[in-house]
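Novice: To be precise about what I am sending: the file is called target-v8.cif and holds mmCIF, C-alpha atoms.
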data_structure
#
loop_
_atom_site.label_atom_id
_atom_site.label_comp_id
_atom_site.auth_asym_id
_atom_site.auth_seq_id
_atom_site.Cartn_x
_atom_site.Cartn_y
_atom_site.Cartn_z
CA MET Q 1 -42.31 98.56 -18.80
CA LYS Q 2 -39.30 100.38 -20.24
CA ASP Q 3 -37.02 99.04 -17.50
CA ILE Q 4 -38.07 95.45 -18.16
CA ARG Q 5 -37.37 95.86 -21.86
CA GLU Q 6 -33.92 97.32 -21.11
CA ILE Q 7 -33.14 94.41 -18.80
CA LYS Q 8 -34.13 91.93 -21.48
CA ASP Q 9 -31.93 93.70 -24.05
CA TYR Q 10 -29.05 93.67 -21.59
CA GLN Q 11 -29.54 89.94 -20.99
CA ILE Q 12 -29.56 89.26 -24.71
CA VAL Q 13 -26.35 91.22 -25.19
CA LEU Q 14 -24.72 89.45 -22.23
CA LEU Q 15 -25.80 86.07 -23.56
CA GLY Q 16 -24.33 86.94 -26.94
CA ILE Q 17 -21.06 87.93 -25.33
CA ILE Q 18 -20.96 84.69 -23.35
CA ILE Q 19 -21.69 82.67 -26.47
CA ALA Q 20 -18.99 84.55 -28.41
CA ILE Q 21 -16.42 84.01 -25.64
CA GLY Q 22 -17.34 80.33 -25.48
CA ALA Q 23 -16.93 80.01 -29.23
CA ILE Q 24 -13.51 81.64 -29.05
CA ILE Q 25 -12.43 79.38 -26.20
CA SER Q 26 -13.74 76.29 -27.98
CA THR Q 27 -11.97 77.27 -31.18
CA TYR Q 28 -8.73 77.78 -29.29
CA ILE Q 29 -9.00 74.42 -27.51
CA PHE Q 30 -9.90 72.63 -30.74
CA SER Q 31 -7.09 74.25 -32.75
CA HIS Q 32 -4.63 73.55 -29.93
CA ALA Q 33 -5.69 69.90 -29.94
CA ILE Q 34 -5.18 69.70 -33.70
CA VAL Q 35 -1.70 71.21 -33.44
CA ALA Q 36 -0.82 68.82 -30.62
CA TYR Q 37 -2.10 65.89 -32.66
CA GLN Q 38 -0.09 66.97 -35.68
CA LYS Q 39 3.01 67.36 -33.56
CA LEU Q 40 2.47 63.90 -32.16
CA ASN Q 41 2.14 62.46 -35.65
CA ASN Q 42 5.27 64.29 -36.78
CA GLN Q 43 7.44 62.85 -34.01
CA THR Q 44 10.34 60.71 -35.18
CA LEU Q 45 12.66 58.17 -33.63
CA SER Q 46 16.26 57.58 -34.74
CA VAL Q 47 17.79 54.16 -34.11
CA THR Q 48 20.87 52.22 -35.16
CA GLY Q 49 20.53 48.78 -36.68
CA SER Q 50 23.31 46.27 -37.34
CA ALA Q 51 23.94 42.97 -39.09
CA SER Q 52 26.94 40.65 -39.22
CA GLN Q 53 27.97 37.63 -41.24
CA ASN Q 54 30.94 35.28 -41.18
CA VAL Q 55 32.56 34.60 -44.56
CA LYS Q 56 35.62 32.83 -45.90
CA SER Q 57 37.83 34.73 -48.32
CA ASP Q 58 37.59 33.46 -51.89
CA LEU Q 59 40.51 35.39 -53.38
CA ALA Q 60 44.14 35.32 -52.28
CA VAL Q 61 46.94 37.60 -53.49
CA TRP Q 62 50.61 36.92 -52.82
CA LYS Q 63 53.39 39.38 -53.62
CA ALA Q 64 57.13 38.80 -53.59
CA TYR Q 65 60.28 40.69 -54.48
CA TYR Q 66 63.56 39.35 -55.80
CA GLU Q 67 66.85 40.94 -56.81
CA THR Q 68 70.33 40.24 -58.04
CA ARG Q 69 73.66 42.05 -58.12
CA SER Q 70 76.13 41.93 -61.00
CA LYS Q 71 79.27 43.64 -62.22
CA ASN Q 72 77.61 44.38 -65.56
CA LEU Q 73 74.07 44.81 -66.84
CA LYS Q 74 74.19 41.96 -69.34
CA SER Q 75 74.93 39.29 -66.75
CA GLY Q 76 72.51 40.98 -64.35
CA TYR Q 77 69.64 40.75 -66.82
CA SER Q 78 70.52 37.14 -67.59
CA LYS Q 79 70.39 36.27 -63.89
CA ILE Q 80 67.13 38.05 -63.11
CA ASN Q 81 65.45 36.53 -66.19
CA ALA Q 82 66.61 33.11 -64.99
CA ASP Q 83 65.09 33.90 -61.57
CA LYS Q 84 61.82 34.87 -63.27
CA LYS Q 85 61.72 31.53 -65.12
CA ASN Q 86 62.44 29.57 -61.92
CA ILE Q 87 59.65 31.40 -60.09
CA THR Q 88 57.19 30.86 -62.96
CA ASP Q 89 58.05 27.14 -63.23
CA PHE Q 90 57.66 26.75 -59.47
CA LEU Q 91 54.24 28.39 -59.42
CA ILE Q 92 52.87 26.51 -62.43
CA ALA Q 93 54.17 23.20 -61.04
CA ASN Q 94 52.11 23.95 -57.92
CA GLY Q 95 48.88 24.53 -59.83
CA ILE Q 96 48.93 28.28 -60.47
CA LYS Q 97 47.73 29.37 -63.92
CA GLN Q 98 50.04 31.42 -66.10
CA GLU Q 99 47.50 34.24 -66.44
CA ASN Q 100 47.41 34.64 -62.66
CA ILE Q 101 51.13 35.41 -62.47
CA LYS Q 102 52.06 39.05 -63.03
CA PHE Q 103 55.58 40.48 -63.16
CA THR Q 104 56.49 44.16 -62.99
CA PRO Q 105 59.16 45.62 -65.30
CA ILE Q 106 62.75 45.04 -64.16
CA SER Q 107 64.27 47.88 -62.16
CA SER Q 108 68.01 48.49 -62.31
CA TYR Q 109 70.40 51.03 -60.89
CA ALA Q 110 74.12 51.49 -60.65
CA VAL Q 111 76.07 50.86 -57.46
CA TYR Q 112 79.05 53.15 -57.01
CA LYS Q 113 82.31 52.44 -55.23
CA LYS Q 114 82.75 54.01 -51.84
CA ILE Q 115 85.53 56.40 -51.05
CA GLY Q 116 87.33 56.72 -47.73
CA ASN Q 117 84.81 59.01 -46.02
CA GLY Q 118 81.86 56.71 -46.84
CA TYR Q 119 80.55 58.75 -49.76
CA ASP Q 120 79.94 57.38 -53.25
CA SER Q 121 82.60 57.91 -55.87
CA ASN Q 122 81.93 58.42 -59.56
CA GLU Q 123 83.17 54.94 -60.38
CA ILE Q 124 80.54 52.25 -60.97
CA ASP Q 125 81.12 49.12 -58.93
CA GLY Q 126 78.24 47.09 -60.38
CA TYR Q 127 74.49 46.98 -60.83
CA ARG Q 128 71.52 45.92 -58.77
CA LEU Q 129 68.42 44.61 -60.56
CA SER Q 130 65.06 43.77 -59.02
CA GLN Q 131 61.55 42.68 -59.98
CA ASN Q 132 58.20 42.12 -58.26
CA VAL Q 133 55.82 39.25 -58.81
CA GLU Q 134 52.13 39.13 -57.90
CA VAL Q 135 50.12 35.92 -57.83
CA SER Q 136 46.34 35.63 -57.41
CA SER Q 137 44.19 32.56 -56.93
CA ASP Q 138 40.65 31.64 -55.92
CA ASP Q 139 42.15 28.64 -54.11
CA VAL Q 140 43.20 30.52 -51.00
CA ASP Q 141 44.49 27.44 -49.18
CA LYS Q 142 46.69 26.42 -52.12
CA LEU Q 143 48.28 29.85 -52.50
CA THR Q 144 48.86 30.03 -48.75
CA ALA Q 145 50.72 26.73 -48.88
CA ILE Q 146 52.79 27.90 -51.88
CA SER Q 147 53.82 31.09 -50.11
CA GLN Q 148 55.08 29.01 -47.20
CA ASP Q 149 57.12 26.73 -49.46
CA VAL Q 150 59.26 29.33 -51.26
CA SER Q 151 62.42 27.97 -49.66
CA LYS Q 152 62.64 25.72 -52.72
CA LEU Q 153 63.37 28.84 -54.77
CA VAL Q 154 66.23 29.74 -52.44
CA ASP Q 155 67.74 26.38 -53.36
CA LYS Q 156 67.78 27.62 -56.97
CA ASN Q 157 69.74 30.71 -55.90
CA VAL Q 158 66.72 33.04 -56.14
CA GLU Q 159 67.00 35.87 -53.60
CA LEU Q 160 63.29 36.14 -52.86
CA SER Q 161 61.61 38.27 -50.21
CA SER Q 162 58.05 37.09 -49.63
CA ASN Q 163 55.14 39.18 -48.31
CA ASN Q 164 52.22 37.80 -46.36
CA VAL Q 165 49.29 36.56 -48.42
CA GLU Q 166 46.37 38.98 -48.59
CA TYR Q 167 42.81 37.63 -48.53
CA TYR Q 168 39.76 39.26 -50.10
CA VAL Q 169 36.03 38.67 -50.58
CA SER Q 170 35.24 38.99 -54.31
CA ASN Q 171 31.45 39.45 -54.00
CA LEU Q 172 31.68 42.14 -51.33
CA ASP Q 173 29.35 44.55 -53.18
CA GLU Q 174 26.56 41.96 -53.24
CA LEU Q 175 27.09 41.13 -49.58
CA LYS Q 176 27.06 44.81 -48.68
CA ILE Q 177 23.62 45.34 -50.26
CA LYS Q 178 22.24 42.26 -48.53
CA MET Q 179 23.65 43.18 -45.13
CA LEU Q 180 22.52 46.79 -45.28
CA ALA Q 181 18.98 45.51 -45.89
CA GLU Q 182 19.31 43.24 -42.86
CA ALA Q 183 20.68 46.09 -40.76
CA THR Q 184 17.70 48.26 -41.78
CA LYS Q 185 15.30 45.50 -40.70
CA ASP Q 186 17.13 45.29 -37.40
CA ALA Q 187 16.77 49.07 -36.95
CA LYS Q 188 13.02 48.83 -37.59
CA GLN Q 189 12.65 46.00 -35.08
CA ARG Q 190 14.56 48.00 -32.46
CA ALA Q 191 12.37 51.06 -33.08
CA LYS Q 192 9.22 48.94 -32.94
CA SER Q 193 10.20 47.42 -29.58
CA MET Q 194 10.97 50.83 -28.09
CA VAL Q 195 7.78 52.55 -29.29
CA GLU Q 196 5.32 49.71 -28.63
CA SER Q 197 6.50 49.54 -25.02
CA THR Q 198 4.96 53.01 -24.59
CA GLY Q 199 1.78 52.25 -26.51
CA GLY Q 200 2.85 53.86 -29.77
CA HIS Q 201 3.35 52.50 -33.26
CA ILE Q 202 6.05 52.79 -35.88
CA GLY Q 203 5.16 54.63 -39.08
CA THR Q 204 7.11 55.04 -42.29
CA LEU Q 205 10.87 55.04 -42.71
CA ASN Q 206 11.90 58.68 -43.06
CA SER Q 207 15.57 58.20 -43.81
CA ALA Q 208 18.34 55.62 -43.68
CA LYS Q 209 22.05 56.26 -43.74
CA MET Q 210 24.80 53.68 -44.04
CA GLY Q 211 27.19 53.66 -41.13
CA VAL Q 212 30.72 52.30 -40.96
CA PHE Q 213 31.33 49.02 -42.79
CA GLN Q 214 33.78 46.74 -40.98
CA ILE Q 215 35.52 43.63 -42.32
CA VAL Q 216 37.51 42.08 -39.50
CA ALA Q 217 38.92 38.71 -38.54
CA GLN Q 218 36.40 36.36 -36.99
CA ASN Q 219 36.14 36.81 -33.20
CA SER Q 220 37.83 40.21 -33.53
CA THR Q 221 36.50 43.21 -31.62
CA ASP Q 222 38.34 45.79 -33.75
CA VAL Q 223 36.31 48.90 -34.61
CA SER Q 224 37.28 52.03 -36.50
CA ASP Q 225 35.40 55.25 -37.25
CA TYR Q 226 36.73 55.03 -40.81
CA GLY Q 227 35.99 51.35 -41.40
CA ILE Q 228 38.28 48.32 -41.52
CA TYR Q 229 39.17 45.87 -44.27
CA ASN Q 230 41.25 43.11 -42.74
CA THR Q 231 43.29 41.34 -45.44
CA SER Q 232 45.41 39.11 -43.19
CA ALA Q 233 42.68 36.66 -42.11
CA ILE Q 234 41.12 34.01 -44.35
CA ASN Q 235 37.99 33.79 -42.21
CA LYS Q 236 36.37 37.16 -41.76
CA LYS Q 237 33.35 38.76 -40.10
CA ILE Q 238 31.49 41.51 -41.95
CA ASN Q 239 29.65 44.10 -39.85
CA ALA Q 240 27.16 46.54 -41.36
CA VAL Q 241 25.52 49.47 -39.57
CA VAL Q 242 22.52 51.59 -40.60
CA ASN Q 243 21.24 54.75 -38.92
CA ALA Q 244 17.48 54.97 -39.57
CA THR Q 245 14.71 57.42 -38.66
CA PHE Q 246 11.03 56.38 -38.36
CA THR Q 247 7.85 58.34 -37.77
CA ILE Q 248 5.82 57.57 -34.64
CA LYS Q 249 2.05 57.17 -34.83
#
Would you kindly transcribe this structure into structure tokens?
Specialist:
Amino acid sequence: MKDIREIKDYQIVLLGIIIAIGAIISTYIFSHAIVAYQKLNNQTLSVTGSASQNVKSDLAVWKAYYETRSKNLKSGYSKINADKKNITDFLIANGIKQENIKFTPISSYAVYKKIGNGYDSNEIDGYRLSQNVEVSSDDVDKLTAISQDVSKLVDKNVELSSNNVEYYVSNLDELKIKMLAEATKDAKQRAKSMVESTGGHIGTLNSAKMGVFQIVAQNSTDVSDYGIYNTSAINKKINAVVNATFTIK
């Protein structure tokens, strides 16, 4: 009778041990599954989105430089002031507003006579005076045409050196905001296509960082790590890039 009772007690203890071990194993498996699930939900995907838009410049800036040489300052100032008037009259006659014409202060310096070995002497031989002019206009085609017609100023004895016209987009900040939003949408669509092909789903946007902003001539393939702002082309292409990170469900 005593042996049977001992066997029963042993079986009860063994059953308890088995149940305890099973509980431990079940807890481990369950907790491992939870951790794996959490890791899966915390997975992220980083993608790059882009957007581009063709625009025509709506602001043109033309710069030029002119100078004169004279034996004395008085006649030199008279000549360069006459040049300034001729340039102003020419621009206004071609439709440029007075307020869009800016002149820098006149620069002047003495020119010394040369001595036999090619060095300057202490004797003044004359003076050289110069001035810069900058013209801006929202009529980019008109200002382009004016810059190409400056030979008429040469006929008035104006020694003018003309720079190329520079072209800008005045509402660039607004376009940048719009295009960054489009680039972010593109990034989300790219992420969605990649994840859904494996049976997953895109979650929230974790982060978004603006990439390099490029303003190049249309049909140009120029790219720079530091960004580009092409000012030589009237017709431009704006490229925006966004680096975005999404959670994966």
Novice: Please identify all polymer residues within 7 Å of Leu160 in chain Q, counting all atoms listed in the file, omitting same-chain residues fewer than 3 positions from it, and present them as a VMD selection string.
Specialist: chain Q and resid 64 to 66
Novice: Given the file shown, enumerate the residues that the PyMOL selection byres ((chain Q and resi 181) around 10) captures and present them as a list in words.
Specialist: Gly49, Ser50, Ala51, Leu175, Lys176, Ile177, Lys178, Met179, Leu180, Glu182, Ala183, Thr184, Lys185, Asp186, Ala187, Ala240, Val241 and Val242 of chain Q
Novice: With C-alpha atoms retained, write the just-selected residues as a JSON list (two decimals), in the coordinates of the input.
Specialist:
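Dumped to again-v4.json:
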[["chain", "number", "residue", "atom", "x", "y", "z"],
["Q", 49, "GLY", "CA", 20.53, 48.78, -36.68],
["Q", 50, "SER", "CA", 23.31, 46.27, -37.34],
["Q", 51, "ALA", "CA", 23.94, 42.97, -39.09],
["Q", 175, "LEU", "CA", 27.09, 41.13, -49.58],
["Q", 176, "LYS", "CA", 27.06, 44.81, -48.68],
["Q", 177, "ILE", "CA", 23.62, 45.34, -50.26],
["Q", 178, "LYS", "CA", 22.24, 42.26, -48.53],
["Q", 179, "MET", "CA", 23.65, 43.18, -45.13],
["Q", 180, "LEU", "CA", 22.52, 46.79, -45.28],
["Q", 182, "GLU", "CA", 19.31, 43.24, -42.86],
["Q", 183, "ALA", "CA", 20.68, 46.09, -40.76],
["Q", 184, "THR", "CA", 17.70, 48.26, -41.78],
["Q", 185, "LYS", "CA", 15.30, 45.50, -40.70],
["Q", 186, "ASP", "CA", 17.13, 45.29, -37.40],
["Q", 187, "ALA", "CA", 16.77, 49.07, -36.95],
["Q", 240, "ALA", "CA", 27.16, 46.54, -41.36],
["Q", 241, "VAL", "CA", 25.52, 49.47, -39.57],
["Q", 242, "VAL", "CA", 22.52, 51.59, -40.60]]
Novice: Hey, can you check how far CA of Ile215 in chain Q sits from CA of Asn239 in chain Q?
Specialist: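 CA of Asn239 in chain Q lies 6.4 Å from CA of Ile215 in chain Q.
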Novice: Hey, can you check how far CA of Asn94 in chain Q sits from CA of Tyr168 in chain Q?
Specialist: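 A separation of 21.2 Å between them.
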Novice: Would you list the contacts of Ser57 in chain Q as a ChimeraX atom specification, taking every protein, DNA or RNA residue within 6 Å and counting only C-alpha atoms, but skipping same-chain residues closer than 3 positions in sequence?
Specialist: /Q:167-169,234
Novice: In Å, with one decimal, what is the gap from CA of Asn243 in chain Q to CA of Lys209 in chain Q?
Specialist: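 CA of Lys209 in chain Q lies 5.1 Å from CA of Asn243 in chain Q.
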Novice: Counting only C-alpha atoms, figure out which residue out of Q:Val212, Q:Ala145, Q:Ile115, Q:Ile101 gets nearest to Asn132 in chain Q.
Specialist: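 That would be Q:Ile101, the residue with the smallest distance to Asn132 in chain Q.
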Novice: Find the residue from Q:Glu67, Q:Glu166, Q:Glu134, Q:Asp173 that sits nearest to Asp83 in chain Q; use all atoms listed in the file when measuring.
Specialist: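 The shortest atom-to-atom distance to Asp83 in chain Q comes from Q:Glu67.
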Novice: Determine the nearest neighbour of Glu196 in chain Q from the options Q:Gly118, Q:Val158, Q:Ile248, Q:Gly126, counting only C-alpha atoms.
Specialist: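 Counting only C-alpha atoms, the residue closest to Glu196 in chain Q is Q:Ile248.
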Novice: Selected by the PyMOL selection byres ((chain Q and resi 139) around 12) in the shown coordinates: which residues, as a ChimeraX atom specification?
Specialist: /Q:56-62,94-97,100,135-138,140-146,167-168,234
